[in-house]
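Student: Sharing a structure with you now.
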Amino acid sequence: MTKKITIAIDGFSSTGKSTIAKQLAKELSYIYVDTGAMYRAVTLYAMENNFVSETFLHTEKLISKLPTITLSFHFNKDLGFAEMYLNGKNVERAIRTIEVSNLVSKIAAISAVRKKLVAEQQEMGKNKGIVMDGRDIGTVVFPDAELKIFMTASAETRAQRRFQELVERGDQVSFEAVLHNVKERDHLDSTRSDSPLVKAKDAIAIDNSKIDKDEQFSQILSLVNDKLS
Ligand code: DC
């Protein structure tokens, strides 16, 4: 049987983690898991139930409902990746709005939320052959992952990419609002007390501000092949 490994891809928001993770999963026929989508889905749930807004956060109410929240991924053949479902409903589009982006760091800072999602992520990856992207994959979820990548790029480059994506799908949003959100999330995600975004000691840092997607893919694929040989 061919050797299977665990690939952890962490980094700041909009560094292209999911692009590279999807490319690798396709190339290697591995499972791809976007853990940010799981935090976003819990945030959407909290928004729909009035547990969170810009001005309040009802942590205990959300925690009491956590056992009733079911998250699942279903592969969409046409898109070529798995979409996020919240309690049986496809929320792939609803979780990508700027409103969810503005609140997700508050929800991701709640330890009970992290505990639930980390346990589910570890279960998904128990047989290896997985590419998982997020903030704490190499540090908390899979500290023993064979390959850990830490992606970085300047805040402006990342905001430009995110802005482009939102405009292409028809969202009305300004570049300044996106840049503000990127910087705010960098700050909140790196300074929270539970599992802050930090580079694992054994992660390989890749700054993709100046390299294109193909170059980045071949660079990372050769790191994978080193681990597989
Ligand atoms: O990858 P993303 O931008 O879709 O993630 C959304 C938010 O979820 C991000 O701002 C921080 C949080 N997150 C996290 O705390 N831990 C993860 N493993 C993944 C995401």
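Chain labels run A, B, ... following the order of the structure tokens; each chain numbers its residues from 1, and ligands are numbered from 1 in the order shown.
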Using DSSP secondary structure from the backbone, list all strand (DSSP E) positions within range 86-214 of chain A, as a ChimeraX atom specification.

Tutor: /A:86,89-90,130-134,147-152,204-207

Student: Kindly save the residues from that selection, with all heavy atoms included, as a compact mmCIF listing (two decimals), in the first residue's frame.

Tutor:
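So result05.txt came out as:
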# COMPACT_ATOMS: atom_id res chain seq x y z
N LEU A 86 -24.66 22.69 7.41
CA LEU A 86 -24.97 22.96 8.82
C LEU A 86 -26.36 22.39 9.10
O LEU A 86 -27.33 22.80 8.44
CB LEU A 86 -24.96 24.48 9.06
CG LEU A 86 -25.58 25.01 10.35
CD1 LEU A 86 -24.81 24.52 11.57
CD2 LEU A 86 -25.61 26.54 10.33
N LYS A 89 -28.19 21.46 5.98
CA LYS A 89 -28.44 22.48 4.96
C LYS A 89 -27.11 22.97 4.36
O LYS A 89 -26.14 23.22 5.10
CB LYS A 89 -29.18 23.64 5.63
CG LYS A 89 -29.70 24.66 4.67
CD LYS A 89 -30.55 25.70 5.42
CE LYS A 89 -30.52 27.01 4.63
NZ LYS A 89 -30.49 28.18 5.46
N ASN A 90 -27.08 23.12 3.05
CA ASN A 90 -25.87 23.62 2.38
C ASN A 90 -25.68 25.10 2.72
O ASN A 90 -26.52 25.93 2.38
CB ASN A 90 -26.01 23.44 0.86
CG ASN A 90 -24.73 23.79 0.12
OD1 ASN A 90 -23.95 24.63 0.59
ND2 ASN A 90 -24.51 23.17 -1.02
N ILE A 130 -4.82 13.04 4.34
CA ILE A 130 -5.69 14.21 4.50
C ILE A 130 -4.87 15.50 4.37
O ILE A 130 -3.71 15.55 4.79
CB ILE A 130 -6.43 14.14 5.86
CG1 ILE A 130 -7.57 15.15 5.93
CG2 ILE A 130 -5.49 14.32 7.04
CD1 ILE A 130 -8.60 14.83 7.01
N VAL A 131 -5.49 16.51 3.77
CA VAL A 131 -4.91 17.85 3.75
C VAL A 131 -5.91 18.72 4.50
O VAL A 131 -7.07 18.81 4.11
CB VAL A 131 -4.76 18.41 2.32
CG1 VAL A 131 -3.97 19.72 2.35
CG2 VAL A 131 -4.12 17.42 1.38
N MET A 132 -5.46 19.33 5.59
CA MET A 132 -6.38 20.14 6.38
C MET A 132 -5.84 21.55 6.49
O MET A 132 -4.65 21.73 6.77
CB MET A 132 -6.52 19.52 7.77
CG MET A 132 -7.73 20.01 8.51
SD MET A 132 -8.01 19.08 10.05
CE MET A 132 -9.01 17.72 9.52
N ASP A 133 -6.68 22.54 6.24
CA ASP A 133 -6.18 23.91 6.41
C ASP A 133 -6.92 24.64 7.50
O ASP A 133 -8.08 24.34 7.79
CB ASP A 133 -6.15 24.67 5.07
CG ASP A 133 -7.47 25.28 4.65
OD1 ASP A 133 -8.16 25.85 5.50
OD2 ASP A 133 -7.78 25.22 3.45
N GLY A 134 -6.20 25.55 8.17
CA GLY A 134 -6.79 26.28 9.29
C GLY A 134 -5.79 27.18 9.97
O GLY A 134 -4.96 27.83 9.30
N LEU A 147 3.89 16.74 7.34
CA LEU A 147 4.27 17.97 6.64
C LEU A 147 3.41 19.13 7.13
O LEU A 147 2.18 19.04 7.14
CB LEU A 147 4.10 17.81 5.12
CG LEU A 147 4.46 19.05 4.29
CD1 LEU A 147 5.94 19.40 4.44
CD2 LEU A 147 4.14 18.84 2.81
N LYS A 148 4.08 20.19 7.57
CA LYS A 148 3.36 21.38 8.05
C LYS A 148 3.82 22.59 7.24
O LYS A 148 5.03 22.85 7.16
CB LYS A 148 3.67 21.64 9.53
CG LYS A 148 3.26 20.50 10.44
CD LYS A 148 3.58 20.83 11.88
CE LYS A 148 3.32 19.63 12.78
NZ LYS A 148 3.68 19.90 14.18
N ILE A 149 2.85 23.28 6.69
CA ILE A 149 3.16 24.47 5.90
C ILE A 149 2.53 25.67 6.61
O ILE A 149 1.38 25.58 7.08
CB ILE A 149 2.54 24.37 4.48
CG1 ILE A 149 2.95 23.08 3.76
CG2 ILE A 149 2.83 25.60 3.65
CD1 ILE A 149 4.35 23.06 3.25
N PHE A 150 3.25 26.78 6.67
CA PHE A 150 2.69 28.00 7.25
C PHE A 150 2.72 29.09 6.19
O PHE A 150 3.78 29.53 5.77
CB PHE A 150 3.49 28.42 8.49
CG PHE A 150 2.82 29.50 9.28
CD1 PHE A 150 1.84 29.20 10.22
CD2 PHE A 150 3.15 30.83 9.09
CE1 PHE A 150 1.20 30.19 10.95
CE2 PHE A 150 2.52 31.84 9.81
CZ PHE A 150 1.54 31.52 10.75
N MET A 151 1.54 29.49 5.75
CA MET A 151 1.44 30.43 4.63
C MET A 151 1.32 31.88 5.13
O MET A 151 0.54 32.17 6.03
CB MET A 151 0.18 30.14 3.82
CG MET A 151 -0.02 28.70 3.44
SD MET A 151 0.82 28.28 1.94
CE MET A 151 -0.19 29.19 0.81
N THR A 152 2.08 32.75 4.47
CA THR A 152 1.96 34.17 4.79
C THR A 152 1.93 34.98 3.48
O THR A 152 2.32 34.49 2.42
CB THR A 152 3.16 34.70 5.63
OG1 THR A 152 4.35 34.52 4.87
CG2 THR A 152 3.29 33.98 6.94
N ILE A 204 7.05 24.73 7.67
CA ILE A 204 7.84 25.44 6.66
C ILE A 204 7.05 26.68 6.23
O ILE A 204 5.89 26.56 5.80
CB ILE A 204 8.09 24.52 5.45
CG1 ILE A 204 8.90 23.29 5.93
CG2 ILE A 204 8.81 25.25 4.32
CD1 ILE A 204 8.88 22.14 4.97
N ALA A 205 7.65 27.85 6.41
CA ALA A 205 6.94 29.10 6.07
C ALA A 205 7.07 29.39 4.58
O ALA A 205 8.16 29.28 4.00
CB ALA A 205 7.52 30.25 6.88
N ILE A 206 5.94 29.74 3.98
CA ILE A 206 5.95 30.11 2.56
C ILE A 206 5.23 31.44 2.39
O ILE A 206 4.04 31.56 2.74
CB ILE A 206 5.28 29.02 1.70
CG1 ILE A 206 6.11 27.73 1.82
CG2 ILE A 206 5.10 29.47 0.24
CD1 ILE A 206 5.85 26.67 0.82
N ASP A 207 5.95 32.46 1.91
CA ASP A 207 5.33 33.75 1.64
C ASP A 207 4.98 33.79 0.16
O ASP A 207 5.87 33.72 -0.69
CB ASP A 207 6.32 34.88 1.99
CG ASP A 207 5.69 36.26 1.78
OD1 ASP A 207 4.78 36.39 0.92
OD2 ASP A 207 6.10 37.21 2.46

Student: Can you pull out the residues contacting range 180-182 of chain A? Cut-off 7 Å, using only C-alpha atoms, and skip same-chain residues under 3 positions away; I want them as an MDAnalysis selection string.

Tutor: chainID A and resid 13 102 155 159 176:177 185:186

Student: Env of Phe163 in chain A: 8 Å cut, atoms = only C-alpha atoms, seq-sep filter 5 positions within chain, self excluded. Answer as a count of residues only.

Tutor: 4

Student: Please, which residues have at least one atom within 8 Å of an atom of ligand 1, using only C-alpha atoms and all ligand atoms, listed as a PyMOL selection string?

Tutor: chain A and resi 10+12-14+17-18+34-40+96+101+104-105+108-109+114+118+133-137+185-186+188-189+195-197

Student: Could you jot down the CA of Val33 in chain A to CA of Gln121 in chain A separation for me, Å, one decimal place?

Tutor: 8.1 Å

Student: Pick from A:Ser229, A:Gln172, A:Thr15, A:Asn87: nearest to Tyr45 in chain A, with only C-alpha atoms counted?

Tutor: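 Among the listed residues, A:Asn87 lies closest to Tyr45 in chain A.
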
Student: Going by DSSP on the backbone, which residues of range 28-206 of chain A come out as helix (DSSP H, G or I)? List them as an MDAnalysis selection string.

Tutor: chainID A and resid 28 35:48 59:68 94:96 98:108 111:124 137:141 155:168 175:191

Student: To one decimal in Å, tell me the separation between CA of Lys128 in chain A and CA of His74 in chain A.

Tutor: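 Computing the Euclidean distance for CA of Lys128 in chain A and CA of His74 in chain A yields 18.8 Å.
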
Student: Between A:Thr6, A:Asp214, A:Leu117, A:Glu156, single out the one closest to Lys183 in chain A, counting only C-alpha atoms.

Tutor: A:Glu156

Student: Can you tell me how far CA of Phe81 in chain A sits from CA of Gly170 in chain A, in Å to one decimal?

Tutor: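 If I compute the distance from CA of Phe81 in chain A to CA of Gly170 in chain A, I get 21.2 Å.
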
Student: Between A:Val100, A:Arg192, A:Glu83, A:Lys4, which residue has the minimum interatomic distance to Glu54 in chain A, considering only C-alpha atoms?

Tutor: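 For Glu54 in chain A, the nearest of the given residues is A:Val100.
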
Student: Can you list, as a list of chain:residue names, every protein, DNA or RNA residue that comes within 12 Å of Glu27 in chain A when you count only C-alpha atoms, leaving out same-chain residues fewer than 2 positions away?

Tutor: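 Neighbouring residues, sequence-local ones excluded: A:Ile20, A:Ala21, A:Lys22, A:Gln23, A:Leu24, A:Ala25, A:Ser29, A:Tyr30, A:Ile31, A:Tyr32, A:Gly129, A:Ile130, A:Val131, A:Phe217, A:Ser218, A:Ile220, A:Leu221, A:Val224, A:Asn225.
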
Student: Find the residues around Asn208 in chain A up to 10 Å (only C-alpha atoms counted), leave out those fewer than 5 positions away in its own chain, and share them as an MDAnalysis selection string.

Tutor: chainID A and resid 15:16 151:154 157:158 213 215:216

Student: Store the residues picked out above in a file with N, CA and C atoms, as a PDB file, in the first residue's frame.

Tutor:
ATOM      1  N   THR A  15      -4.512  33.684   2.585  1.00  0.00           N
ATOM      2  CA  THR A  15      -3.141  33.479   2.104  1.00  0.00           C
ATOM      3  C   THR A  15      -3.132  32.408   1.011  1.00  0.00           C
ATOM      4  N   GLY A  16      -4.325  31.962   0.602  1.00  0.00           N
ATOM      5  CA  GLY A  16      -4.381  30.934  -0.434  1.00  0.00           C
ATOM      6  C   GLY A  16      -4.210  29.534   0.122  1.00  0.00           C
ATOM      7  N   MET A 151       1.536  29.494   5.746  1.00  0.00           N
ATOM      8  CA  MET A 151       1.440  30.433   4.630  1.00  0.00           C
ATOM      9  C   MET A 151       1.322  31.877   5.130  1.00  0.00           C
ATOM     10  N   THR A 152       2.076  32.747   4.473  1.00  0.00           N
ATOM     11  CA  THR A 152       1.963  34.172   4.787  1.00  0.00           C
ATOM     12  C   THR A 152       1.927  34.982   3.483  1.00  0.00           C
ATOM     13  N   ALA A 153       1.445  36.216   3.601  1.00  0.00           N
ATOM     14  CA  ALA A 153       1.469  37.192   2.495  1.00  0.00           C
ATOM     15  C   ALA A 153       1.084  38.515   3.145  1.00  0.00           C
ATOM     16  N   SER A 154       1.422  39.617   2.510  1.00  0.00           N
ATOM     17  CA  SER A 154       1.107  40.911   3.128  1.00  0.00           C
ATOM     18  C   SER A 154      -0.412  41.088   3.245  1.00  0.00           C
ATOM     19  N   THR A 157      -2.001  42.343   0.000  1.00  0.00           N
ATOM     20  CA  THR A 157      -2.124  41.302  -1.035  1.00  0.00           C
ATOM     21  C   THR A 157      -3.313  40.401  -0.720  1.00  0.00           C
ATOM     22  N   ARG A 158      -3.456  40.058   0.540  1.00  0.00           N
ATOM     23  CA  ARG A 158      -4.530  39.150   0.934  1.00  0.00           C
ATOM     24  C   ARG A 158      -5.892  39.813   0.796  1.00  0.00           C
ATOM     25  N   LYS A 213       0.453  30.846  -8.421  1.00  0.00           N
ATOM     26  CA  LYS A 213      -0.133  29.595  -7.919  1.00  0.00           C
ATOM     27  C   LYS A 213       0.612  28.352  -8.399  1.00  0.00           C
ATOM     28  N   GLU A 215       3.773  28.075  -9.377  1.00  0.00           N
ATOM     29  CA  GLU A 215       5.091  27.992  -8.752  1.00  0.00           C
ATOM     30  C   GLU A 215       4.968  27.469  -7.317  1.00  0.00           C
ATOM     31  N   GLN A 216       3.967  28.008  -6.632  1.00  0.00           N
ATOM     32  CA  GLN A 216       3.735  27.602  -5.250  1.00  0.00           C
ATOM     33  C   GLN A 216       3.380  26.116  -5.175  1.00  0.00           C
TER      34      GLN A 216
END

Student: Measuring atom to atom with only C-alpha atoms, identify which of A:Glu60, A:Lys77, A:Glu99, A:Thr2 is nearest to Glu48 in chain A.

Tutor: A:Glu99
